[in-house]
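Before any comments, here is the structure.
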Amino acid sequence: MALDIDRYAHVGSAINRWDARFKLVSMGLVIVAIALLKTLPMALLALALATALLRVSNLPVKFISHGLSFVLIFLLPFFIVMPLSYPGEPAFTVLGLGFAWEGLRLASLIFIKALAIVMVSFAIFGSSRFDVSMLALQHLRCPKVVVQMLLFTYRYTFTFLDEMKRMHTSMLARGFVPRSDLRTLQVFGHFVGTLLVRSFERTERVYKAMLSKGYQGTLHSMVSFQSTPADYLKALLAIALAGALVAGDFSGLFSQAEHGWF
Amino acid sequence: MHISEGILSTPVWVAGYAGAAALAAVTMRNMDMEEIPKISVITAVFFVASLIKVPLGPASIHLILNGLAGIVLGWRAFPAIMLGIILQAIIFGHGGITVIGINSIMLGGGALVAYMVWQLRHRFDIQRRELIFGALAGAVGTISSGIVLALALVTTGEAFNAIAATVLAAHIPIMFIEAVVVGVSAQFLSRVKPEILAGNTPGTGN
Amino acid sequence: MNERIMIDVDDISFTYPDGHAVLKGLSCQIRQGEKVALIGPNGAGKSTFMSHLNGVQLATSGRVVIDGIEVGKTTLREVRRKVGIVFQDPDDQLFCPTVFDDVAFGPLNLGLDKAEIEARVKEALHVVGLEGFEERSSFHLSFGERKRLALATVLSYQPEILVFDEPSTNMDPMNRRKLINWLKASDKTILLCTHDLDIALEVCERCMMLTDGRIIADGPSKKILYDRQLLEENKLELPLALMTHELLHGILYTEDMDDEHRQIISKFLHAHRHAHGPDGHEHVHLHVHSHDHSHLHEEVDEEHFHSHPQHQHDHGHSHGHDTLPHTHDDYDHKS
Amino acid sequence: MNERIMIDVDDISFTYPDGHAVLKGLSCQIRQGEKVALIGPNGAGKSTFMSHLNGVQLATSGRVVIDGIEVGKTTLREVRRKVGIVFQDPDDQLFCPTVFDDVAFGPLNLGLDKAEIEARVKEALHVVGLEGFEERSSFHLSFGERKRLALATVLSYQPEILVFDEPSTNMDPMNRRKLINWLKASDKTILLCTHDLDIALEVCERCMMLTDGRIIADGPSKKILYDRQLLEENKLELPLALMTHELLHGILYTEDMDDEHRQIISKFLHAHRHAHGPDGHEHVHLHVHSHDHSHLHEEVDEEHFHSHPQHQHDHGHSHGHDTLPHTHDDYDHKS
């Protein structure tokens with residue numbers, strides 16, 4: 001499982017060079033705009049924009065498509081359940097269940113919006129080093145404690161993932177085969193407990209090491225942000241696009257769901 | 001288990017953010033310097049442990065373990081889970097940016113309920129208390145999350161009622177799995193490293 | 001030497017999906033009862049190679065045959081029954097509430113009956129000297145005890161082949177000594193992956209060097225481990241035992257001493273290597289003292305003072321790279 | 001020897017709230033520039049003792065004075081500035097997003113200005129040979145690299161006293177050698193807690209043995225580390241270098257050899273220890289080759305073949321416990 005979202009952060013691009021503070025704010029607004037959309041044509045337009053953004057970011061297609069596959073899996077059921085359970089008059093019936101075009105439209109809308117948002121967030125976080133994104137958040141008034149905890153958690157995720165893999169290997173090496181039975185659950189219960197005990201012991205050592213190096217409760221950083229006119233320009237462009245999406249959506253040019261959203 | 005991006009109506013996810021911020025503020029009160037690295041490191045374990053897949057018939061599911069987080073971290077389980085959800089949204093695009101609030105309430109709220117159930121064990125003097133209350137906490141943590149999820153869907157629009165019902169039903173087998181895993185873990189921890197469990201004396205937080 | 005081939009690795013390669021190649025055409029054969037050291041610098045592929053021996057990773061190409069069974073998806077159960085791997089960090093192998101449960105984990109996976117499991121646990125704990133620890137939790141044991149317990153969890157599985165990853169790491173010297181005695185006395189087929197060249201020299205007659213995904217040298221330990229050039233090229237260091245010996249030679253030529261005496265001493269140090277060199281006597285000292293050290297928990301006795309004789313090496317006082325007697329090289333540099 | 005006392009530990013005890021006593025009246029003094037090894041079995045209290053040196057744990061009774069400053073709640077900042085501890089597991093010390101941030105962590109906490117911090121980071125990374133790694137994440141480095149990085153994170157803090165917990169653990173021989181060279185060349189006050197008695201012997205002139213919360217022996221390394229009885233009573237083993245030397249003696253008396261020759265050889269081995277014994281010559285070999293090994297990343301050179309001369313030991317072929325020349329015992333058994 002690849003956990004380092006920023007492993008292609010070194011790939012140069014207009015998005016990569018964008019001051020992370022500006023990127024977070026303006027792209028955040030784009031995400032909100034997409035989330036507000038209620039019509040299919042505007043959602044498709046948002047998807048097209050998100051695709052263009054990823055092209056500009058130069059992130060490898062394989063890296064992105066792997067991330068997007070999760071969204072796909074989670075949202076597929078909606079295509080089945082929504083059309084068959086949409087309230088009101090069904091268009092026709094399949095196997096005794098009413099099929100409503102409106103339900104299918106709603107499912108498509110959800111799917112397209114989700115895809116677009118996840119693509120935009122990949123463009124945001126895939127194009128900057130993780131710590132830089134987090135420090136940008138801190139500059140944007142996100143509480144320091146939260147940012148510090150996010151950085152620590154992220155860092156130790158890798159240590160524990162390695163630890164877990166080694167433990168798992170040693171289980172397999174002694175012939176363990178997970179099944180749908182009580183013993184498997186018990187083994188996993190002990191496994192998780194062991195991970196927790198080991199990490200608890202590690203927290204003590206980490207804290208000791210931090211104290212030894214003069215830790216006083218705050219994480220200082222030397223990362224500094226410097227904005228250029230280009231950063232403002234990119235931000236303005238992004239915000240304008242977000243505004244356009246929402247305006248197009250509210251203009252009444254396109255139909256909205258009757259029972260889906262208020 | 002989490003809500004994906006794009007499903008909820010705007011008022012619902014905005015309310016989710018507001019509620020999560022309020023809960024985070026309350027549950028992070030009086031956090032001292034020492035807790036910062038400790039909670040972070042334990043959060044990393046929960047994050048990693050939630051990648052464990054348990055076979056369920058022909059398919060397999062990921063462990064949730066929010067009940068266990070409640071047992072171990074007490075009230076601090078809420079900020080911990082919120083951190084995990086933020087990371088998940090950023091790293092995997094699981095869940096999503098707009099649903100961080102509602103997902104935190106769903107799983108973190110479940111953890112808080114689980115912690116309250118776990119604390120009830122002090123009123124009983126029975127054998128295998130940790131196993132039983134751990135299992136209850138695991139089950140309650142899961143099912144509370146399922147209920148929050150269903151409610152969020154239902155308030156989004158009546159078109160989602162059927163989905164809400166399906167999701168709630170799907171939580172029942174997961175509830176059993178979580179109950180066993182969390183119960184066994186709780187018993188294990190109480191034996192091996194009792195100081196890791198939250199609220200070992202009645203009435204204290206973490 | 002027994003002719004049954006327990007490990008037969010035929011030209012295996014392993015490449016990660018991201019294109020990173022770890023093993024690049026590796027072959028070797030290990031016979032029943034052999035004790036083989038696998039040495040090489042960090043990152044050479046030792047761990048990956050080990051995971052191939054019991055199918056935790058499957059080769060991209062080539063084949064691994066364990067005691068006649070080809071490792072593949074359908075044979076994992078059988079293969080894992082034959083190959084026991086003792087990993088470096090005991091904590092990666094201990095995850096049960098009690099010592100008993102940890103040792104019983106493997107046998108339980110084999111589906112053995114209760115009496116058999118109990119017997120095996122008892123035996124394995126006896127071998128590592130942890131009888132009476134059954135109900136303890138591994139978290140409450142010392143590091144040395146956990147390291148021994150990790151070995152017991154594999155022994156109870158009764159594999160015919162034992163693979164060790166850095167068995168002596170982090171051990172205090174006394175526990176290291178106990179482990180060496182046990183390894184020397186064991187009659188299992190043993191593969192020892194280690195940086196501790198002294199343990200390799202002491203336990204294993206044969207040594208393979210893995211570098212950059214290939215076996216680049218395979219032969220008697222006292223050849224490979226005395227080959228300064230080979231070791232240095234592969235970021236390893238001469239075993240301490242040998243370094244001391246060389247040092248004496250160095251001093252021999254700096255001390256103020258008459259030539260006759262120097263000759264006598266030099267001859268002694270020289271003779272000493274050759275007496276135990278490749279002329280037939282070589283195993284005498286290895287086995288003579290290992291008759292009853294089958295238990296790790298035995299107190300260390302005088303025996304270990306006899307364990308190095310065949311490891312001494314003589315190439316005069318020069319510190320250059322060309323001092324090895326390459327005349328009787330019976331191993332091959334494959335690089 | 002410099003007379004400034006950097007570490008002055010006066011009869012400290014430490015008892016956990018649950019009543020478990022770890023340190024039981026421990027005293028020692030370490031002077032500026034001294035390199036001292038702290039050895040002892042697992043569980044003797046080494047880690048707890050280390051935590052007392054920079055006030056991460058505070059003594060229940062007794063006092064610790066670091067370079068004239070008594071360790072206490074009000075002096076923690078000053079004390080931690082003077083004492084740098086390099087812990088065993090690098091993952092416990094590398095908690096920042098990038099290599100740069102990890103090395104800058106200490107200086108940032110000192111509130112230094114930006115240019116100074118950058119200079120220190122650069123220098124520390126240079127010393128451990130990790131220049132150019134600034135932007136990498138520590139979790140993507142190899143184990144050896146992380147171990148060196150952990151050292152850099154302490155060096156950038158520029159402490160006057162360096163405390164190491166098992167610095168050579170898990171290192172491959174090449175990295176171990178680089179570390180030894182660096183330690184030998186360093187002019188800091190160094191306390192080395194280790195099981196690796198060979199590294200203790202090579203780096204430190206002085207050695208303390210900690211057992212059951214007390215220092216039970218303190219003296220020249222070549223005395224303590226050659227005291228078989230003391231080591232065995234404390235579950236340690238003679239350093240390998242010494243074992244080999246002893247072995248040669250053993251052989252001397254089993255080989256078929258005329259008495260005259262035997263005497264010459266025996267005299268050589270014996271003389272060799274005494275030439276570098278406590279009669280004044282003892283530091284010659286330690287320092288003569290260490291002039292420019294201040295960088296861990298230097299290639300290992302011939303120098304390490306000269307590093308053992310003062311460690312040889314002669315006590316004839318007997319394997320008993322009473323063979324040490326106790327006549328010039330200048331250290332004290334306090335037990």
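Order determines the names: the first chain of the structure tokens is A, the second B, and so forth; residues in each chain are numbered 1 upward, and ligands are numbered 1 upward as they are shown.
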Quiz item: Per DSSP on the backbone, what are the helix (DSSP H, G or I) residues of region 34-263 of chain C, as a ChimeraX atom specification?
Solution: /C:46-53,73-82,90-92,99-109,114-127,138-140,143-155,173-185,197-203,221-224,228-233,240-252,259-263
Exercise. May I have the residues within 9 Å of region 187-199 of chain B as number ranges by chain, using only C-alpha atoms and disregarding those fewer than 2 positions away in the same chain?
Key: A: 189-190, 193-194, 196-197, 200; B: 70-75, 115, 118-119, 128-132, 134, 182-185, 201-206; C: 96-97, 137-140
Practice problem: May I have the residues within 10 Å of Met50 (chain C) as a PyMOL selection string, using only C-alpha atoms and disregarding those fewer than 3 positions away in the same chain? | Solution: chain C and resi 45-47+53-57+85+87+163-165+191+193
Writer output for current selection, N, CA and C atoms, as a PDB file, in the first residue's frame:
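Printed below is out.pdb as written:
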```
ATOM      1  N   GLY C  45      19.729  -8.019  -0.886  1.00  0.00           N
ATOM      2  CA  GLY C  45      18.602  -8.875  -1.242  1.00  0.00           C
ATOM      3  C   GLY C  45      18.454 -10.078  -0.316  1.00  0.00           C
ATOM      4  N   LYS C  46      19.158 -10.077   0.809  1.00  0.00           N
ATOM      5  CA  LYS C  46      19.097 -11.230   1.721  1.00  0.00           C
ATOM      6  C   LYS C  46      17.675 -11.493   2.215  1.00  0.00           C
ATOM      7  N   SER C  47      16.981 -10.438   2.656  1.00  0.00           N
ATOM      8  CA  SER C  47      15.632 -10.636   3.184  1.00  0.00           C
ATOM      9  C   SER C  47      14.683 -11.122   2.098  1.00  0.00           C
ATOM     10  N   LEU C  53      12.098 -18.517   0.152  1.00  0.00           N
ATOM     11  CA  LEU C  53      12.291 -19.909   0.562  1.00  0.00           C
ATOM     12  C   LEU C  53      11.015 -20.526   1.109  1.00  0.00           C
ATOM     13  N   ASN C  54      10.112 -19.700   1.622  1.00  0.00           N
ATOM     14  CA  ASN C  54       8.843 -20.294   2.064  1.00  0.00           C
ATOM     15  C   ASN C  54       7.651 -19.640   1.380  1.00  0.00           C
ATOM     16  N   GLY C  55       7.917 -19.028   0.250  1.00  0.00           N
ATOM     17  CA  GLY C  55       6.816 -18.549  -0.577  1.00  0.00           C
ATOM     18  C   GLY C  55       6.087 -17.331  -0.044  1.00  0.00           C
ATOM     19  N   VAL C  56       6.680 -16.608   0.911  1.00  0.00           N
ATOM     20  CA  VAL C  56       6.045 -15.362   1.318  1.00  0.00           C
ATOM     21  C   VAL C  56       6.154 -14.372   0.153  1.00  0.00           C
ATOM     22  N   GLN C  57       7.221 -14.488  -0.615  1.00  0.00           N
ATOM     23  CA  GLN C  57       7.263 -13.817  -1.908  1.00  0.00           C
ATOM     24  C   GLN C  57       7.532 -14.888  -2.963  1.00  0.00           C
ATOM     25  N   ILE C  85      11.363 -19.862   9.491  1.00  0.00           N
ATOM     26  CA  ILE C  85      12.211 -18.676   9.443  1.00  0.00           C
ATOM     27  C   ILE C  85      12.182 -17.979  10.799  1.00  0.00           C
ATOM     28  N   PHE C  87      12.987 -14.647  12.365  1.00  0.00           N
ATOM     29  CA  PHE C  87      13.277 -13.291  11.923  1.00  0.00           C
ATOM     30  C   PHE C  87      14.152 -12.560  12.929  1.00  0.00           C
ATOM     31  N   VAL C 163      15.868 -21.177   8.847  1.00  0.00           N
ATOM     32  CA  VAL C 163      16.513 -20.014   8.255  1.00  0.00           C
ATOM     33  C   VAL C 163      16.552 -18.922   9.321  1.00  0.00           C
ATOM     34  N   PHE C 164      17.730 -18.377   9.564  1.00  0.00           N
ATOM     35  CA  PHE C 164      17.875 -17.345  10.594  1.00  0.00           C
ATOM     36  C   PHE C 164      18.242 -16.016   9.951  1.00  0.00           C
ATOM     37  N   ASP C 165      17.555 -14.972  10.359  1.00  0.00           N
ATOM     38  CA  ASP C 165      17.926 -13.636   9.914  1.00  0.00           C
ATOM     39  C   ASP C 165      18.607 -12.922  11.074  1.00  0.00           C
ATOM     40  N   LEU C 191      20.314 -22.263   7.359  1.00  0.00           N
ATOM     41  CA  LEU C 191      20.816 -21.134   6.569  1.00  0.00           C
ATOM     42  C   LEU C 191      20.842 -19.925   7.492  1.00  0.00           C
ATOM     43  N   CYS C 193      21.601 -16.008   7.796  1.00  0.00           N
ATOM     44  CA  CYS C 193      21.877 -14.735   7.137  1.00  0.00           C
ATOM     45  C   CYS C 193      22.392 -13.774   8.186  1.00  0.00           C
TER      46      CYS C 193
END
```
Exercise. Using only C-alpha atoms, find the residues of chain A whose closest atom to chain D is at most 12 Å away, then write them as an NGL selection string.
Key: :A and (3-4 or 6-7 or 9-10 or 129-135 or 147-163 or 199-224)
Exercise. Define the interface residues of chain B facing chain A as those within 6 Å, counting only C-alpha atoms, and report them as a list in words.
Key: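 Result: Glu5, Gly6, Ile7, Ser9, Met33, Lys38, Ser40, Val41, Ala44, Val48, Pro55, Leu56, Ile91, Phe92, Gly93, Gly157, Ala159, Val181, Val184 and Ser185 of chain B.
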Fewer than 6 positions away in the same chain doesn't count, so skip those; otherwise give me all residues within 7 Å of Lys82 (chain C), counting only C-alpha atoms, as a compact mmCIF listing (two decimals) with C-alpha atoms, in the first residue's frame.
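Final output, around24.txt:
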```
# COMPACT_ATOMS: atom_id res chain seq x y z
CA PRO C 159 10.56 -27.52 10.22
CA GLU C 160 13.37 -29.49 8.62
CA ILE C 161 15.07 -26.34 7.42
```
Quiz item: Can you list, as a ChimeraX atom specification, every protein, DNA or RNA residue that comes within 7 Å of Leu125 (chain C) when you count only C-alpha atoms, leaving out same-chain residues fewer than 5 positions away?
Solution: /C:130-131,152
Using the selection just defined, write its residues with all heavy atoms as a compact mmCIF listing (two decimals), in the first residue's frame.
```
# COMPACT_ATOMS: atom_id res chain seq x y z
N LEU C 130 13.15 -22.19 28.32
CA LEU C 130 12.10 -21.34 28.88
C LEU C 130 10.97 -22.16 29.49
O LEU C 130 9.81 -21.74 29.47
CB LEU C 130 11.54 -20.40 27.79
CG LEU C 130 12.48 -19.28 27.28
CD1 LEU C 130 11.85 -18.53 26.13
CD2 LEU C 130 12.82 -18.30 28.40
N GLU C 131 11.30 -23.32 30.03
CA GLU C 131 10.27 -24.09 30.71
C GLU C 131 9.75 -23.28 31.89
O GLU C 131 10.50 -22.56 32.53
CB GLU C 131 10.81 -25.41 31.28
CG GLU C 131 11.45 -26.32 30.30
CD GLU C 131 12.95 -26.32 30.48
OE1 GLU C 131 13.50 -25.24 30.79
OE2 GLU C 131 13.55 -27.39 30.31
N ALA C 152 11.79 -20.63 19.67
CA ALA C 152 10.89 -21.72 20.09
C ALA C 152 9.62 -21.73 19.24
O ALA C 152 9.10 -22.80 18.90
CB ALA C 152 10.54 -21.58 21.57
```
Exercise. Determine the nearest neighbour of chain C from the options D:Phe143, D:Tyr226, D:Trp182, D:Phe14, counting only C-alpha atoms.
Key: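 Of the candidates, the smallest distance to chain C is held by D:Phe143.
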Exercise. Find the distance between CA of Gly144 (chain C) and CA of Met171 (chain C) and write it in Å to one decimal.
Key: 6.2 Å
Quiz item: Mind pulling up the distance from CA of Asn234 (chain C) to CA of Gly40 (chain C)?
Solution: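 Straight-line distance from CA of Gly40 (chain C) to CA of Asn234 (chain C) works out to 6.7 Å.
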Residues at most 7 Å from region 24-28 of chain D, counting only C-alpha atoms, excluding those fewer than 2 positions away in the same chain, as an mmCIF file with all heavy atoms, in the first residue's frame?
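Contents of result-v4.cif, as written:
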```cif
data_model
loop_
_atom_site.group_PDB
_atom_site.id
_atom_site.type_symbol
_atom_site.label_atom_id
_atom_site.label_comp_id
_atom_site.auth_asym_id
_atom_site.auth_seq_id
_atom_site.Cartn_x
_atom_site.Cartn_y
_atom_site.Cartn_z
ATOM 1 N N ASP D 8 29.269 14.460 36.769
ATOM 2 C CA ASP D 8 29.551 14.133 38.160
ATOM 3 C C ASP D 8 28.269 13.567 38.772
ATOM 4 O O ASP D 8 27.314 14.301 39.030
ATOM 5 C CB ASP D 8 30.003 15.402 38.898
ATOM 6 C CG ASP D 8 30.462 15.075 40.318
ATOM 7 O OD1 ASP D 8 30.393 13.888 40.699
ATOM 8 O OD2 ASP D 8 30.876 16.002 41.031
ATOM 9 N N VAL D 9 28.253 12.285 38.920
ATOM 10 C CA VAL D 9 27.060 11.616 39.436
ATOM 11 C C VAL D 9 27.356 11.202 40.871
ATOM 12 O O VAL D 9 28.317 10.485 41.119
ATOM 13 C CB VAL D 9 26.709 10.385 38.586
ATOM 14 C CG1 VAL D 9 25.510 9.660 39.153
ATOM 15 C CG2 VAL D 9 26.453 10.798 37.143
ATOM 16 N N ASP D 10 26.532 11.684 41.791
ATOM 17 C CA ASP D 10 26.839 11.471 43.198
ATOM 18 C C ASP D 10 25.726 10.695 43.888
ATOM 19 O O ASP D 10 24.680 11.251 44.217
ATOM 20 C CB ASP D 10 27.065 12.847 43.862
ATOM 21 C CG ASP D 10 27.482 12.704 45.316
ATOM 22 O OD1 ASP D 10 27.945 11.597 45.689
ATOM 23 O OD2 ASP D 10 27.346 13.686 46.065
ATOM 24 N N ASP D 11 25.960 9.410 44.008
ATOM 25 C CA ASP D 11 25.093 8.543 44.812
ATOM 26 C C ASP D 11 23.609 8.654 44.437
ATOM 27 O O ASP D 11 22.762 8.846 45.304
ATOM 28 C CB ASP D 11 25.294 8.891 46.299
ATOM 29 C CG ASP D 11 24.720 7.808 47.206
ATOM 30 O OD1 ASP D 11 24.659 6.638 46.771
ATOM 31 O OD2 ASP D 11 24.305 8.146 48.335
ATOM 32 N N ILE D 12 23.304 8.533 43.144
ATOM 33 C CA ILE D 12 21.890 8.653 42.768
ATOM 34 C C ILE D 12 21.147 7.326 42.878
ATOM 35 O O ILE D 12 21.677 6.244 42.636
ATOM 36 C CB ILE D 12 21.678 9.226 41.345
ATOM 37 C CG1 ILE D 12 22.382 8.371 40.272
ATOM 38 C CG2 ILE D 12 22.097 10.671 41.257
ATOM 39 C CD1 ILE D 12 21.918 8.705 38.857
ATOM 40 N N SER D 13 19.893 7.478 43.238
ATOM 41 C CA SER D 13 18.988 6.333 43.272
ATOM 42 C C SER D 13 17.754 6.713 42.476
ATOM 43 O O SER D 13 17.391 7.884 42.410
ATOM 44 C CB SER D 13 18.576 6.005 44.700
ATOM 45 O OG SER D 13 19.707 5.589 45.419
ATOM 46 N N PHE D 14 17.163 5.727 41.854
ATOM 47 C CA PHE D 14 15.901 5.987 41.173
ATOM 48 C C PHE D 14 14.961 4.824 41.410
ATOM 49 O O PHE D 14 15.298 3.663 41.176
ATOM 50 C CB PHE D 14 16.101 6.197 39.676
ATOM 51 C CG PHE D 14 14.810 6.481 38.957
ATOM 52 C CD1 PHE D 14 14.229 7.748 39.034
ATOM 53 C CD2 PHE D 14 14.158 5.484 38.243
ATOM 54 C CE1 PHE D 14 13.031 8.017 38.388
ATOM 55 C CE2 PHE D 14 12.954 5.746 37.604
ATOM 56 C CZ PHE D 14 12.395 7.017 37.677
ATOM 57 N N ALA D 21 12.982 -0.482 42.242
ATOM 58 C CA ALA D 21 14.205 0.327 42.275
ATOM 59 C C ALA D 21 15.108 -0.042 41.105
ATOM 60 O O ALA D 21 15.402 -1.220 40.893
ATOM 61 C CB ALA D 21 14.939 0.104 43.582
ATOM 62 N N VAL D 22 15.530 0.955 40.334
ATOM 63 C CA VAL D 22 16.392 0.686 39.181
ATOM 64 C C VAL D 22 17.831 1.100 39.472
ATOM 65 O O VAL D 22 18.759 0.341 39.246
ATOM 66 C CB VAL D 22 15.876 1.420 37.929
ATOM 67 C CG1 VAL D 22 16.659 0.970 36.703
ATOM 68 C CG2 VAL D 22 14.405 1.163 37.723
ATOM 69 N N ILE D 30 33.152 11.757 35.152
ATOM 70 C CA ILE D 30 33.780 11.653 33.841
ATOM 71 C C ILE D 30 34.355 13.013 33.489
ATOM 72 O O ILE D 30 33.676 14.031 33.609
ATOM 73 C CB ILE D 30 32.763 11.168 32.781
ATOM 74 C CG1 ILE D 30 32.295 9.745 33.129
ATOM 75 C CG2 ILE D 30 33.385 11.187 31.382
ATOM 76 C CD1 ILE D 30 31.238 9.193 32.228
ATOM 77 N N GLY D 213 21.879 -1.669 39.160
ATOM 78 C CA GLY D 213 21.732 -0.296 39.640
ATOM 79 C C GLY D 213 22.957 0.318 40.286
ATOM 80 O O GLY D 213 22.861 1.393 40.864
ATOM 81 N N ARG D 214 24.097 -0.362 40.183
ATOM 82 C CA ARG D 214 25.328 0.171 40.781
ATOM 83 C C ARG D 214 26.486 0.011 39.818
ATOM 84 O O ARG D 214 26.510 -0.908 39.007
ATOM 85 C CB ARG D 214 25.684 -0.594 42.065
ATOM 86 C CG ARG D 214 24.824 -0.267 43.249
ATOM 87 C CD ARG D 214 25.356 -0.982 44.486
ATOM 88 N NE ARG D 214 24.306 -1.033 45.487
ATOM 89 C CZ ARG D 214 23.431 -2.006 45.609
ATOM 90 N NH1 ARG D 214 23.467 -3.036 44.774
ATOM 91 N NH2 ARG D 214 22.497 -1.968 46.541
ATOM 92 N N ILE D 215 27.480 0.888 39.946
ATOM 93 C CA ILE D 215 28.723 0.705 39.195
ATOM 94 C C ILE D 215 29.582 -0.245 40.018
ATOM 95 O O ILE D 215 29.999 0.091 41.122
ATOM 96 C CB ILE D 215 29.476 2.049 39.036
ATOM 97 C CG1 ILE D 215 28.601 3.094 38.348
ATOM 98 C CG2 ILE D 215 30.785 1.836 38.293
ATOM 99 C CD1 ILE D 215 28.576 3.059 36.866
#
```
Quiz prompt | Contact residues around Gly68 (chain C) with only C-alpha atoms at 8 Å, ignoring same-chain residues under 3 positions, as a list in words | solution = Ile5, Met6 and Val65 of chain C
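As for CA of Leu8 (chain B) and CA of Lys23 (chain A), they are spaced 24.9 Å apart.
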